[in-house]
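Novice: Sending over input_24.txt (compact mmCIF, C-alpha atoms).
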```
# COMPACT_ATOMS: atom_id res chain seq x y z
CA PHE A 228 -102.58 41.41 -4.19
CA PRO A 229 -99.38 39.48 -4.78
CA ILE A 230 -99.44 35.69 -4.51
CA THR A 231 -96.21 34.10 -3.36
CA GLY A 232 -94.70 31.90 -6.06
CA SER A 233 -97.21 32.85 -8.74
CA ILE A 234 -94.48 33.41 -11.35
CA GLU A 235 -92.95 29.99 -10.67
CA ALA A 236 -96.35 28.32 -10.88
CA MET A 237 -97.12 30.08 -14.16
CA GLN A 238 -93.75 29.05 -15.62
CA ALA A 239 -94.56 25.40 -14.92
CA ILE A 240 -98.11 25.75 -16.26
CA VAL A 241 -96.94 27.45 -19.47
CA LEU A 242 -94.30 24.77 -20.00
CA VAL A 243 -96.79 21.93 -19.65
CA SER A 244 -99.44 23.64 -21.77
CA GLY A 245 -96.86 24.42 -24.46
CA VAL A 246 -95.74 20.79 -24.62
CA VAL A 247 -99.34 19.59 -24.81
CA ALA A 248 -100.10 22.13 -27.56
CA LEU A 249 -97.05 21.02 -29.56
CA VAL A 250 -98.01 17.35 -29.35
CA MET A 251 -101.69 18.01 -30.14
CA SER A 252 -100.99 20.30 -33.09
CA THR A 253 -98.66 17.66 -34.51
CA TRP A 254 -101.24 14.92 -33.91
CA GLU A 255 -103.95 16.96 -35.63
CA ASP A 256 -101.56 18.24 -38.35
CA SER A 257 -102.66 21.77 -37.55
CA HIS A 258 -99.39 23.69 -37.40
CA ALA A 259 -99.37 27.13 -38.97
CA LYS A 260 -99.15 27.07 -42.75
CA VAL A 261 -98.71 29.78 -45.35
CA HIS A 262 -101.84 29.24 -47.44
CA LEU A 263 -100.92 32.14 -49.70
CA LEU A 264 -98.21 29.89 -51.13
CA LEU A 265 -99.70 26.44 -50.58
CA ASP A 266 -103.01 27.22 -52.29
CA ARG A 267 -101.17 28.14 -55.49
CA MET A 268 -99.15 24.91 -55.65
CA SER A 269 -99.98 21.78 -57.56
CA PRO A 270 -101.07 18.81 -55.44
CA ARG A 271 -97.69 17.15 -55.97
CA ALA A 272 -95.74 20.29 -55.00
CA LYS A 273 -98.03 20.80 -51.99
CA ALA A 274 -97.37 17.23 -50.82
CA LEU A 275 -93.62 17.75 -51.25
CA ALA A 276 -93.74 21.04 -49.32
CA HIS A 277 -95.67 19.36 -46.52
CA TRP A 278 -93.17 16.47 -46.42
CA LEU A 279 -90.20 18.86 -46.34
CA SER A 280 -91.88 20.86 -43.60
CA ASP A 281 -92.37 17.72 -41.51
CA LEU A 282 -88.77 16.65 -42.14
CA SER A 283 -87.30 20.02 -41.17
CA THR A 284 -89.51 20.15 -38.07
CA LEU A 285 -88.39 16.64 -37.11
CA LEU A 286 -84.72 17.61 -37.50
CA PHE A 287 -85.17 20.81 -35.51
CA LEU A 288 -87.03 19.06 -32.68
CA SER A 289 -84.39 16.30 -32.67
CA ALA A 290 -81.71 18.91 -32.09
CA LEU A 291 -83.81 20.46 -29.31
CA LEU A 292 -84.33 17.05 -27.72
CA ALA A 293 -80.60 16.25 -27.89
CA GLY A 294 -79.74 19.50 -26.13
CA SER A 295 -82.51 19.10 -23.59
CA VAL A 296 -81.49 15.53 -22.75
CA TRP A 297 -77.88 16.68 -22.43
CA LEU A 298 -78.92 19.39 -19.96
CA ALA A 299 -81.15 16.99 -18.03
CA VAL A 300 -78.38 14.40 -17.68
CA ASP A 301 -75.78 17.03 -16.79
CA LEU A 302 -77.95 18.76 -14.17
CA TRP A 303 -79.79 15.72 -12.76
CA PRO A 304 -77.49 15.29 -9.72
CA GLY A 305 -78.03 18.94 -8.78
CA PHE A 306 -81.59 18.41 -7.49
CA GLU A 307 -82.66 21.80 -8.86
CA HIS A 308 -85.91 23.32 -7.70
CA SER A 309 -87.55 26.71 -7.76
CA GLU A 310 -86.82 29.10 -4.92
CA LEU A 311 -90.27 29.74 -3.45
CA LEU A 312 -92.50 26.78 -4.28
CA GLY A 313 -89.83 24.13 -4.68
CA VAL A 314 -90.99 23.09 -8.17
CA PRO A 315 -88.53 20.38 -9.29
CA TRP A 316 -86.99 21.43 -12.60
CA SER A 317 -85.93 17.85 -13.34
CA VAL A 318 -89.58 16.78 -13.56
CA LEU A 319 -90.35 19.63 -15.93
CA ARG A 320 -87.35 18.65 -18.06
CA LEU A 321 -88.72 15.10 -18.23
CA ILE A 322 -92.09 16.44 -19.37
CA VAL A 323 -90.44 18.50 -22.12
CA ASN A 324 -88.26 15.61 -23.24
CA ALA A 325 -91.22 13.22 -23.35
CA GLY A 326 -93.27 15.74 -25.33
CA LEU A 327 -90.45 16.35 -27.79
CA ALA A 328 -89.89 12.60 -28.22
CA LEU A 329 -93.62 12.02 -28.79
CA THR A 330 -93.79 14.83 -31.34
CA ILE A 331 -90.72 13.47 -33.15
CA GLY A 332 -92.33 10.03 -33.20
CA LEU A 333 -95.55 11.43 -34.67
CA LEU A 334 -93.61 13.28 -37.36
CA ALA A 335 -91.55 10.18 -38.17
CA VAL A 336 -94.70 8.10 -38.61
CA ARG A 337 -96.20 10.78 -40.84
CA LEU A 338 -93.03 10.95 -42.94
CA VAL A 339 -92.93 7.18 -43.44
CA ARG A 340 -96.66 6.79 -44.17
CA GLY A 341 -96.84 9.82 -46.41
CA SER A 342 -98.65 13.12 -46.19
CA LYS A 343 -102.42 13.63 -46.25
CA ALA A 344 -101.98 16.71 -48.43
```
Would you mind giving the structure from this file in structure tokens?
Specialist:
Amino acid sequence: FPITGSIEAMQAIVLVSGVVALVMSTWEDSHAKVHLLLDRMSPRAKALAHWLSDLSTLLFLSALLAGSVWLAVDLWPGFEHSELLGVPWSVLRLIVNAGLALTIGLLAVRLVRGSKA
């Protein structure tokens, strides 16, 4: 039987769970890796590859955060919300932006301190 607003509720749940998964996988340093290549590298090359991966991820997430903040600032006065349940999109944007900022911070700390690899 259909549940009114179930798609909107699932969109919000998937967004929050995705942000939490991104932050936790960065915290635990458990992002997907290509072991077929990494296992054949010297320890120095493996550390460099890990560092470059963290740097490129940081740059990519920084670009995502810049665009997301831009959208949030631009659309903030609109008081957007979902049609059926009234889920406020501005709150979800804040959650995404906070998660991206936290992930960027974790990556920056890892880059400065050095890799565990």
Novice: Within 7 Å of range 333-343 of chain A, counting only C-alpha atoms, which residues qualify if same-chain residues fewer than 4 places away don't, as a VMD selection string?
Specialist: chain A and resid 253 to 254 274 277 to 278 281 285 329
Novice: Just want the 9 Å neighbourhood of range 307-322 of chain A, counted on all atoms listed in the file, with same-chain residues fewer than 2 positions away dropped. Output as a ChimeraX atom specification.
Specialist: /A:231-233,235-236,239,242-243,246,295-296,298-299,302-305,324-327
Novice: What separation in Å, quoted to one decimal, exists between CA of Ala328 in chain A and CA of Ser280 in chain A?
Specialist: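 We find that CA of Ala328 in chain A and CA of Ser280 in chain A lie 17.6 Å from each other.
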Novice: Provide the CA of Val323 in chain A to CA of Lys260 in chain A distance in Å, to one decimal place.
Specialist: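 Straight-line distance from CA of Val323 in chain A to CA of Lys260 in chain A works out to 24.0 Å.
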Novice: Using only C-alpha atoms, which of A:Ser257, A:Ile331, A:Asp266, A:Ile230 sits nearest Ala290 in chain A?
Specialist: A:Ile331
Novice: What does the distance between CA of Leu249 in chain A and CA of Thr330 in chain A come to in Å, to one decimal place?
Specialist: 7.2 Å
Novice: So which one's closest to Ser289 in chain A, A:Met237, A:Leu263, A:Pro229, A:Gly332? Using only C-alpha atoms, please.
Specialist: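 Looking only at the distances to Ser289 in chain A, the closest residue turns out to be A:Gly332.
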